[in-house]
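coords07.txt follows (compact mmCIF, C-alpha atoms):
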```txt
# COMPACT_ATOMS: atom_id res chain seq x y z
CA MET A 1 18.31 48.79 84.64
CA LYS A 2 18.32 52.29 83.13
CA ILE A 3 15.00 54.12 83.39
CA LEU A 4 14.37 57.62 82.06
CA VAL A 5 11.61 59.39 83.99
CA SER A 6 9.81 62.04 81.98
CA ASN A 7 7.93 64.92 83.62
CA ILE A 8 5.89 66.85 81.06
CA GLY A 9 4.40 70.31 81.34
CA SER A 10 2.45 72.29 78.77
CA THR A 11 5.63 74.08 77.66
CA SER A 12 8.32 72.08 79.45
CA PHE A 13 10.03 68.70 79.43
CA LYS A 14 12.07 67.56 82.43
CA PHE A 15 13.77 64.23 82.89
CA ARG A 16 15.90 62.21 85.26
CA LEU A 17 17.82 59.09 84.34
CA PHE A 18 18.22 56.39 86.99
CA GLU A 19 20.29 53.23 87.22
CA LEU A 20 18.30 50.77 89.33
CA ALA A 21 20.10 47.50 88.66
CA ASP A 22 22.21 47.50 91.82
CA GLY A 23 20.90 50.05 94.28
CA GLU A 24 19.48 53.38 93.14
CA ARG A 25 21.65 55.93 91.40
CA GLU A 26 20.79 59.07 89.45
CA LEU A 27 22.91 59.26 86.30
CA ALA A 28 21.65 62.55 84.87
CA ARG A 29 18.91 65.12 84.98
CA GLY A 30 17.85 67.98 82.77
CA GLY A 31 15.13 69.44 80.64
CA ALA A 32 13.87 72.08 78.28
CA ASP A 33 11.54 75.01 78.84
CA ARG A 34 9.46 77.40 76.74
CA ILE A 35 8.72 74.63 74.26
CA GLY A 36 6.75 75.94 71.31
CA GLY A 37 8.12 79.46 71.70
CA ASP A 38 11.30 81.50 71.58
CA GLY A 39 13.93 82.03 74.28
CA GLY A 40 14.04 78.42 75.42
CA GLU A 41 16.84 76.77 77.34
CA PHE A 42 18.10 73.21 77.66
CA GLU A 43 19.82 72.05 80.84
CA LEU A 44 21.77 68.88 81.54
CA ALA A 45 23.46 67.81 84.76
CA VAL A 46 25.71 64.76 84.81
CA CYS A 47 27.41 63.92 88.10
CA ASP A 48 28.56 67.29 89.45
CA GLU A 49 28.75 68.96 86.04
CA HIS A 50 25.89 71.23 85.03
CA ALA A 51 25.54 72.96 81.67
CA SER A 52 22.82 74.99 80.01
CA GLN A 53 22.41 76.40 76.54
CA ALA A 54 19.93 78.51 74.65
CA GLU A 55 17.80 76.19 72.54
CA SER A 56 14.33 76.59 71.07
CA PHE A 57 12.06 73.62 70.36
CA ALA A 58 8.99 73.65 68.13
CA ASP A 59 7.33 70.87 70.13
CA HIS A 60 7.94 68.26 72.83
CA GLY A 61 9.13 65.78 70.20
CA GLU A 62 12.07 67.97 69.24
CA ALA A 63 13.00 68.41 72.91
CA ILE A 64 12.84 64.67 73.54
CA VAL A 65 15.07 63.81 70.57
CA PHE A 66 17.56 66.53 71.57
CA ALA A 67 17.71 65.22 75.16
CA LEU A 68 18.37 61.64 74.04
CA ASP A 69 21.07 62.83 71.64
CA MET A 70 22.72 64.87 74.39
CA LEU A 71 22.71 61.92 76.80
CA THR A 72 24.38 59.85 74.09
CA ALA A 73 26.90 62.57 73.25
CA ARG A 74 27.85 62.87 76.92
CA LYS A 75 28.23 59.04 77.02
CA VAL A 76 25.66 58.72 79.80
CA ILE A 77 24.06 56.10 77.55
CA ALA A 78 25.64 54.32 74.62
CA GLY A 79 22.53 55.03 72.57
CA ARG A 80 18.76 55.08 72.73
CA GLY A 81 18.67 51.29 72.76
CA GLU A 82 20.41 51.22 76.15
CA LEU A 83 17.30 52.58 77.88
CA ASP A 84 15.35 49.79 79.52
CA ALA A 85 12.25 51.94 79.84
CA VAL A 86 10.84 55.45 79.81
CA ALA A 87 8.46 56.16 82.68
CA PHE A 88 5.96 59.00 82.91
CA LYS A 89 4.60 60.77 85.98
CA ALA A 90 1.26 60.88 84.17
CA VAL A 91 -1.71 62.75 85.54
CA MET A 92 -5.21 61.54 84.75
CA ALA A 93 -6.87 58.44 83.29
CA GLY A 94 -9.65 57.95 85.84
CA ASP A 95 -9.74 54.49 87.40
CA HIS A 96 -7.33 53.00 84.88
CA GLU A 97 -4.70 50.64 86.29
CA PRO A 98 -2.37 53.05 88.13
CA VAL A 99 0.95 51.64 86.87
CA CYS A 100 0.78 50.22 83.37
CA MET A 101 2.40 50.00 79.98
CA VAL A 102 1.51 52.87 77.67
CA SER A 103 -1.14 51.50 75.31
CA ASP A 104 -3.82 52.74 72.95
CA GLU A 105 -6.37 52.02 75.70
CA LEU A 106 -4.50 54.22 78.18
CA LEU A 107 -4.17 57.05 75.66
CA GLU A 108 -7.90 56.87 74.95
CA ARG A 109 -8.70 57.17 78.67
CA MET A 110 -6.33 60.09 78.99
CA GLU A 111 -8.06 61.73 76.02
CA TYR A 112 -11.43 61.21 77.73
CA PHE A 113 -10.21 63.10 80.82
CA VAL A 114 -8.65 66.03 78.94
CA PRO A 115 -11.56 68.30 80.01
CA VAL A 116 -10.57 67.91 83.70
CA ALA A 117 -6.80 68.04 83.09
CA PRO A 118 -6.47 70.40 80.11
CA ALA A 119 -3.01 71.64 81.04
CA HIS A 120 -1.59 68.20 81.85
CA ASN A 121 -3.03 65.41 79.72
CA PRO A 122 -2.49 66.81 76.19
CA PRO A 123 1.30 67.26 76.51
CA TYR A 124 1.65 63.83 78.14
CA ILE A 125 -0.34 62.20 75.34
CA GLU A 126 1.83 63.96 72.77
CA ALA A 127 5.05 62.97 74.55
CA MET A 128 4.00 59.33 74.93
CA ARG A 129 3.25 59.10 71.23
CA MET A 130 6.53 60.79 70.37
CA PHE A 131 8.57 58.44 72.57
CA ARG A 132 6.81 55.53 70.88
CA LYS A 133 7.91 56.90 67.51
CA VAL A 134 11.48 57.65 68.57
CA LEU A 135 12.21 54.55 70.68
CA GLY A 136 10.23 51.86 68.95
CA ASP A 137 10.00 48.77 71.18
CA THR A 138 11.46 50.35 74.34
CA PRO A 139 8.87 49.83 77.11
CA LEU A 140 6.93 52.94 78.09
CA VAL A 141 5.41 52.93 81.57
CA ALA A 142 2.80 55.30 82.98
CA ALA A 143 2.56 55.86 86.74
CA LEU A 144 -0.69 57.75 87.19
CA GLU A 145 -0.95 60.39 89.89
CA PRO A 146 -4.25 59.20 91.44
CA GLY A 147 -2.86 55.70 92.01
CA PHE A 148 -1.64 56.33 95.54
CA HIS A 149 -5.12 57.46 96.59
CA ARG A 150 -7.00 54.35 95.47
CA THR A 151 -6.87 53.22 99.12
CA ASN A 152 -9.14 56.12 100.15
CA PRO A 153 -12.41 54.68 101.53
CA PRO A 154 -15.57 55.03 99.37
CA ARG A 155 -16.87 57.85 101.57
CA ARG A 156 -13.87 59.90 100.40
CA ARG A 157 -13.88 58.68 96.79
CA HIS A 158 -17.39 59.79 95.90
CA TYR A 159 -19.27 63.03 95.51
CA ALA A 160 -22.88 63.36 96.67
CA VAL A 161 -24.22 62.85 93.15
CA PRO A 162 -26.31 60.09 91.52
CA PRO A 163 -24.27 56.87 91.29
CA LYS A 164 -24.62 56.87 87.49
CA TRP A 165 -22.47 59.97 87.31
CA ALA A 166 -19.59 58.09 88.89
CA ASP A 167 -20.17 54.71 87.25
CA LYS A 168 -20.83 55.90 83.70
CA TYR A 169 -19.00 59.22 83.49
CA GLY A 170 -16.19 58.82 86.03
CA ILE A 171 -17.21 61.82 88.13
CA LYS A 172 -15.62 61.05 91.48
CA ARG A 173 -12.71 62.10 93.69
CA TYR A 174 -9.34 60.84 92.45
CA GLY A 175 -6.64 63.00 94.05
CA PHE A 176 -3.22 63.91 92.64
CA HIS A 177 0.43 64.42 93.63
CA GLY A 178 0.42 60.68 94.26
CA ALA A 179 4.13 60.18 93.58
CA SER A 180 5.08 62.95 96.00
CA HIS A 181 2.82 61.74 98.81
CA ARG A 182 3.98 58.16 98.24
CA TYR A 183 7.60 59.30 98.57
CA ILE A 184 6.80 61.16 101.80
CA ALA A 185 5.08 58.05 103.20
CA THR A 186 8.11 55.92 102.28
CA ARG A 187 10.80 58.31 103.43
CA THR A 188 9.08 59.22 106.71
CA ALA A 189 8.79 55.53 107.53
CA GLU A 190 12.55 55.22 107.02
CA LEU A 191 13.29 58.23 109.22
CA MET A 192 10.69 57.44 111.85
CA PRO A 193 9.41 53.83 111.75
CA SER A 194 6.95 54.52 114.56
CA ALA A 195 5.08 57.14 112.50
CA GLY A 196 1.93 55.30 111.46
CA ARG A 197 -0.13 58.49 111.07
CA ILE A 198 1.29 61.12 108.73
CA VAL A 199 -0.10 64.30 107.21
CA SER A 200 1.84 65.11 104.04
CA CYS A 201 1.69 68.77 102.93
CA HIS A 202 2.83 69.14 99.31
CA LEU A 203 2.93 72.93 98.87
CA GLY A 204 4.09 74.62 95.69
CA GLY A 205 2.71 76.04 92.45
CA SER A 206 0.27 73.15 92.78
CA SER A 207 -0.59 72.03 96.31
CA SER A 208 -2.41 69.27 98.17
CA LEU A 209 -2.54 67.56 101.54
CA CYS A 210 -2.76 63.83 102.15
CA ALA A 211 -3.62 61.84 105.28
CA ILE A 212 -1.55 58.65 105.43
CA ARG A 213 -2.15 55.70 107.73
CA ASP A 214 0.37 52.83 107.80
CA GLY A 215 1.80 53.90 104.46
CA GLU A 216 -1.54 54.21 102.65
CA SER A 217 -3.47 57.30 101.60
CA VAL A 218 -6.81 57.58 103.40
CA ALA A 219 -7.75 61.15 102.39
CA THR A 220 -6.48 63.84 100.05
CA SER A 221 -7.53 67.40 99.29
CA MET A 222 -7.79 67.25 95.48
CA GLY A 223 -10.82 65.66 93.85
CA LEU A 224 -11.89 65.09 90.24
CA SER A 225 -9.35 67.50 88.80
CA PRO A 226 -6.01 69.10 89.71
CA GLN A 227 -7.94 72.39 89.85
CA SER A 228 -9.60 71.45 93.15
CA GLY A 229 -8.65 71.60 96.82
CA LEU A 230 -6.27 74.30 98.02
CA PRO A 231 -5.87 77.55 96.06
CA GLN A 232 -3.15 76.79 93.49
CA GLY A 233 -0.63 79.16 91.93
CA SER A 234 -3.01 80.15 89.15
CA ARG A 235 -5.90 77.70 89.67
CA VAL A 236 -8.92 78.43 91.79
CA GLY A 237 -9.07 75.41 94.07
CA ASP A 238 -12.46 74.65 95.63
CA LEU A 239 -15.30 76.73 94.17
CA ASP A 240 -19.09 76.56 94.39
CA PRO A 241 -20.20 75.37 90.92
CA TYR A 242 -23.01 77.91 90.86
CA ALA A 243 -20.36 80.60 90.42
CA LEU A 244 -20.15 79.37 86.81
CA ALA A 245 -23.84 80.15 86.31
CA MET A 246 -23.31 83.65 87.69
CA LEU A 247 -20.37 84.24 85.36
CA GLN A 248 -22.48 83.10 82.43
CA ASP A 249 -25.45 85.29 83.33
CA GLN A 250 -23.70 88.38 84.65
CA ALA A 251 -20.46 88.44 82.62
CA GLN A 252 -21.70 86.59 79.52
CA MET A 253 -18.79 84.21 80.04
CA GLY A 254 -19.30 80.75 78.58
CA LEU A 255 -18.45 77.54 80.43
CA ARG A 256 -15.22 76.81 78.56
CA GLU A 257 -13.96 80.37 78.92
CA SER A 258 -14.78 80.53 82.63
CA LEU A 259 -13.00 77.20 83.22
CA ARG A 260 -10.00 78.43 81.26
CA ARG A 261 -9.77 81.57 83.38
CA LEU A 262 -10.33 79.68 86.62
CA GLY A 263 -7.44 77.42 85.62
CA SER A 264 -5.01 80.11 84.52
CA GLU A 265 -5.95 83.49 85.98
CA ALA A 266 -7.33 82.58 89.41
CA GLY A 267 -5.78 81.06 92.52
CA LEU A 268 -3.03 82.93 94.30
CA ALA A 269 -2.17 84.83 91.13
CA GLY A 270 -5.69 86.13 90.74
CA VAL A 271 -6.04 87.17 94.38
CA SER A 272 -2.57 88.66 94.85
CA GLY A 273 -2.39 90.65 91.62
CA VAL A 274 1.36 89.97 91.39
CA GLY A 275 1.32 86.52 89.78
CA GLY A 276 1.41 83.01 91.15
CA ASP A 277 5.07 82.81 92.18
CA TRP A 278 5.14 82.53 95.97
CA ARG A 279 8.32 84.60 96.24
CA ASP A 280 6.63 87.56 94.56
CA ILE A 281 3.48 87.14 96.66
CA ALA A 282 5.44 86.96 99.93
CA ALA A 283 7.50 90.03 99.01
CA ALA A 284 4.37 92.04 98.20
CA ALA A 285 2.44 90.86 101.28
CA ASP A 286 4.28 93.26 103.60
CA GLY A 287 2.51 96.27 102.15
CA GLY A 288 -0.08 94.97 99.73
CA GLU A 289 -3.56 94.04 100.90
CA ARG A 290 -4.25 91.70 97.96
CA ALA A 291 -0.98 89.83 98.36
CA LYS A 292 -1.53 89.52 102.11
CA LEU A 293 -5.02 88.19 101.47
CA ALA A 294 -3.60 85.55 99.11
CA VAL A 295 -1.15 84.44 101.81
CA ASP A 296 -3.89 84.30 104.44
CA MET A 297 -6.25 82.35 102.17
CA PHE A 298 -3.55 79.81 101.30
CA VAL A 299 -2.55 79.24 104.92
CA THR A 300 -6.18 79.06 106.07
CA SER A 301 -7.03 76.42 103.47
CA ILE A 302 -4.03 74.32 104.51
CA ARG A 303 -5.08 74.57 108.16
CA ASP A 304 -8.66 73.55 107.29
CA TYR A 305 -7.49 70.33 105.64
CA LEU A 306 -4.85 69.70 108.29
CA GLY A 307 -7.45 69.93 111.03
CA ALA A 308 -9.76 67.57 109.17
CA TYR A 309 -6.99 65.03 108.68
CA LEU A 310 -5.92 65.14 112.31
CA ILE A 311 -9.48 64.07 113.15
CA GLU A 312 -9.52 61.46 110.35
CA LEU A 313 -6.30 59.89 111.67
CA GLY A 314 -7.12 60.33 115.34
CA GLY A 315 -4.06 62.57 115.72
CA ALA A 316 -0.73 62.46 113.93
CA ASP A 317 2.71 61.07 114.60
CA ALA A 318 4.30 63.30 111.96
CA ILE A 319 3.47 66.30 109.81
CA VAL A 320 5.68 66.67 106.75
CA PHE A 321 6.19 69.72 104.54
CA THR A 322 7.42 69.22 100.98
CA GLY A 323 7.21 70.92 97.57
CA GLY A 324 8.74 74.27 96.62
CA ILE A 325 6.87 76.29 99.25
CA GLY A 326 6.76 73.56 101.87
CA GLU A 327 10.50 72.97 101.69
CA HIS A 328 11.73 76.54 101.41
CA ASN A 329 9.32 78.83 103.26
CA PRO A 330 9.61 78.74 107.07
CA ALA A 331 7.05 81.54 107.42
CA VAL A 332 4.36 79.40 105.80
CA ARG A 333 5.22 76.40 107.98
CA SER A 334 5.07 78.57 111.07
CA ALA A 335 1.74 80.12 110.07
CA VAL A 336 0.19 76.74 109.26
CA LEU A 337 1.10 75.34 112.69
CA ALA A 338 0.42 78.49 114.72
CA ASN A 339 -1.55 77.89 117.94
CA ALA A 340 -1.53 74.12 117.38
CA GLU A 341 -0.21 73.28 120.83
CA PHE A 342 -3.67 71.95 121.79
CA ALA A 343 -3.04 69.13 119.28
CA GLY A 344 0.43 68.42 120.68
CA ILE A 345 2.17 70.28 117.82
CA ARG A 346 4.92 72.74 118.67
CA LEU A 347 7.57 74.08 116.30
CA ASP A 348 11.13 74.92 117.20
CA GLU A 349 11.20 78.28 115.44
CA ALA A 350 14.99 78.40 115.26
CA ASN A 351 15.18 74.98 113.64
CA ASN A 352 12.31 75.91 111.36
CA ALA A 353 14.10 79.04 110.17
CA ALA A 354 17.40 77.21 109.68
CA ALA A 355 15.99 74.14 107.89
CA ASP A 356 17.84 73.45 104.66
CA GLY A 357 16.99 70.16 103.00
CA GLU A 358 15.78 67.24 105.09
CA ALA A 359 15.29 68.38 108.68
CA ARG A 360 13.19 67.82 111.78
CA ILE A 361 11.84 71.12 113.10
CA ASP A 362 9.53 70.36 116.03
CA ALA A 363 10.33 71.43 119.58
CA ASP A 364 11.63 68.95 122.15
CA ASP A 365 8.29 68.94 123.96
CA SER A 366 6.18 68.48 120.82
CA ALA A 367 4.08 65.31 120.84
CA VAL A 368 3.99 65.36 117.02
CA ALA A 369 7.13 65.28 114.89
CA VAL A 370 7.36 67.97 112.21
CA TRP A 371 9.62 67.35 109.21
CA VAL A 372 10.80 69.11 106.11
CA ILE A 373 11.51 66.45 103.49
CA PRO A 374 12.39 67.30 99.87
CA THR A 375 10.21 65.13 97.67
CA ASN A 376 11.52 62.81 94.95
CA GLU A 377 8.61 62.02 92.66
CA GLU A 378 10.83 60.81 89.84
CA LEU A 379 12.50 58.17 91.99
CA ILE A 380 9.08 56.82 92.99
CA VAL A 381 8.04 56.62 89.33
CA ALA A 382 11.30 54.85 88.43
CA ARG A 383 10.72 52.32 91.22
CA GLN A 384 7.16 51.70 90.06
CA ALA A 385 8.35 51.19 86.49
CA ARG A 386 11.03 48.74 87.62
CA GLU A 387 8.51 46.74 89.64
CA LEU A 388 6.12 46.55 86.67
CA LEU A 389 8.89 45.45 84.30
CA GLU A 390 10.11 42.81 86.74
CA ARG A 391 6.60 41.41 87.15
CA ALA A 392 6.28 41.29 83.37
CA ASN A 393 9.79 39.82 82.98
CA VAL A 394 10.85 42.74 80.80
CA GLY A 395 14.33 44.24 80.87
```

Rewrite the structure from the file as C-alpha cells, please.
Amino acid sequence: MKILVSNIGSTSFKFRLFELADGERELARGGADRIGGDGGEFELAVCDEHASQAESFADHGEAIVFALDMLTARKVIAGRGELDAVAFKAVMAGDHEPVCMVSDELLERMEYFVPVAPAHNPPYIEAMRMFRKVLGDTPLVAALEPGFHRTNPPRRRHYAVPPKWADKYGIKRYGFHGASHRYIATRTAELMPSAGRIVSCHLGGSSSLCAIRDGESVATSMGLSPQSGLPQGSRVGDLDPYALAMLQDQAQMGLRESLRRLGSEAGLAGVSGVGGDWRDIAAAADGGERAKLAVDMFVTSIRDYLGAYLIELGGADAIVFTGGIGEHNPAVRSAVLANAEFAGIRLDEANNAAADGEARIDADDSAVAVWVIPTNEELIVARQARELLERANVG
C-alpha cells in the first residue's frame, strides 16, 4: 500500500511516500518552499540520492502536480493511479472524527475553525481540494492533530466558561502536535516497555508538552488554538485576553490586527528581536539581554508545564525531548532539567552533549529515564490512513 503523506504550510508543501504493504518503508521524501513567491526550491530524496532545483510555484496546486510528476519521472511510482491514498497531517476541525476521509463536511468544519488556525487551515483546505481535482477517486485521508488528545479528561478539555460556549461554538481545549506526541508514546513504549508515565516535550518553531499515561494523552499544553501554551517561534503562547482590550484602547489596534501580530510578530521572535529561529536566538543570548530573556522565558514555560505534568502523572518513568530544538539543543535540555534531582531526574551531561539522533541521556543514578527521540509524524499519519482504509476495505 503506497501512501503519500502531505504536510502543508502557508508557503510550503512537504511530503513523504511510504510503502506499508509488507512492513514500513519510506520510498521518497521532498517538498517545495516559498510557494506563491519567487526564489523557491523543490527537493526530492529517493533512497540515498538527494537532488534540489530552483523552482517557483504560483500556488500549492502547482507544487503538488510537480511533485507527482517528479515521482513518476523518477519511477518511484508508475503514475498517479498507483497511489493508494494521500494522507494529511491536518490541524483543526474541532471535535470532528480525528481520522476520516476528506469530505465536504470536513472541509466545512475546517473553514469554521479558520479564525483559530489562520496560518494552518487555509492551505490545508486548498491542498485537499487540489488533490481531489488532480487525483480524482484516490482516497484522501485527514489525520487531525487534536485526535491524540481526545483522551484528556473533561477537566482538561474545558475552559471555565458557560457550557454553551463549548457546546454551540466549540470553544474548548483541543491540543495539537498529536502525531508527534503519538509517535513518542509509541516509540518510547518500544524502547522502554515499563514506561507507563511519559512527558513528551515537542520543542521547535512550534512547541508543546504532553503528559502520557499508558499510551494515552491525559494533558497537553496547547488549548483552543496552536497559538496557545508555550511561547512559539513567532506566536505569543498563553496571554491574558484583556491584553487585547488594552491594545484596542491604547494602541487603537483592532481585534483582527492584534491577533495577526500576536500570531506572527510575537513569541520568541518578538521578545528576542532577532527573529524566531532558535539558532539565532541562542547565538545572540550570550551578549543580548532581549535574546537571553527569550531563552529564559521559553525554558521557564517548559519547566512550568513539566512540573504540572509530573504531578498529574504522579511522577514520570521517562521524559522525552523531540522536535527541532528538543532533538538538537543540549543546552535547552540541560536548562529544562536543572535542579530536578528532587524529582529523581538527573542528566548525564556528557551524554546529553553528545546525543545525535535517538539516545538516552540520563545519569546512571537517575530514577527517571531521559530520552532524545527524533519524531516521525508522517509515519504516524501513514499508519492511521492505512488503518482507516483497511477498516473501510479500501485499497

Residues of range 367-389 of chain A at most 8 Å from range 338-347 of chain A: nearest atom pair and distance in Å, all atoms listed in the file, as JSON lines:
```
{"residue": "A:Ala367", "atom": "CA", "partner": "A:Gly344", "partner_atom": "CA", "distance": 4.8}
{"residue": "A:Val368", "atom": "CA", "partner": "A:Ile345", "partner_atom": "CA", "distance": 5.3}
{"residue": "A:Ala369", "atom": "CA", "partner": "A:Ile345", "partner_atom": "CA", "distance": 7.6}
{"residue": "A:Val370", "atom": "CA", "partner": "A:Leu347", "partner_atom": "CA", "distance": 7.4}
```

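Here CA of Ile302 in chain A stands at a distance of 6.9 Å from CA of Leu230 in chain A.
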
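In terms of minimum interatomic distance to Gly324 in chain A, A:Ile373 ranks closest within A:Ile77, A:Leu191, A:Ala85, A:Ile373, counting all atoms listed in the file.
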
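Rounded to one decimal, CA of Tyr159 in chain A and CA of Leu259 in chain A lie 19.8 Å from each other.
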
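Nearest residue to Glu216 in chain A among A:Ile184, A:Met246, A:Ala63, A:Val236 is A:Ile184, counting all atoms listed in the file.
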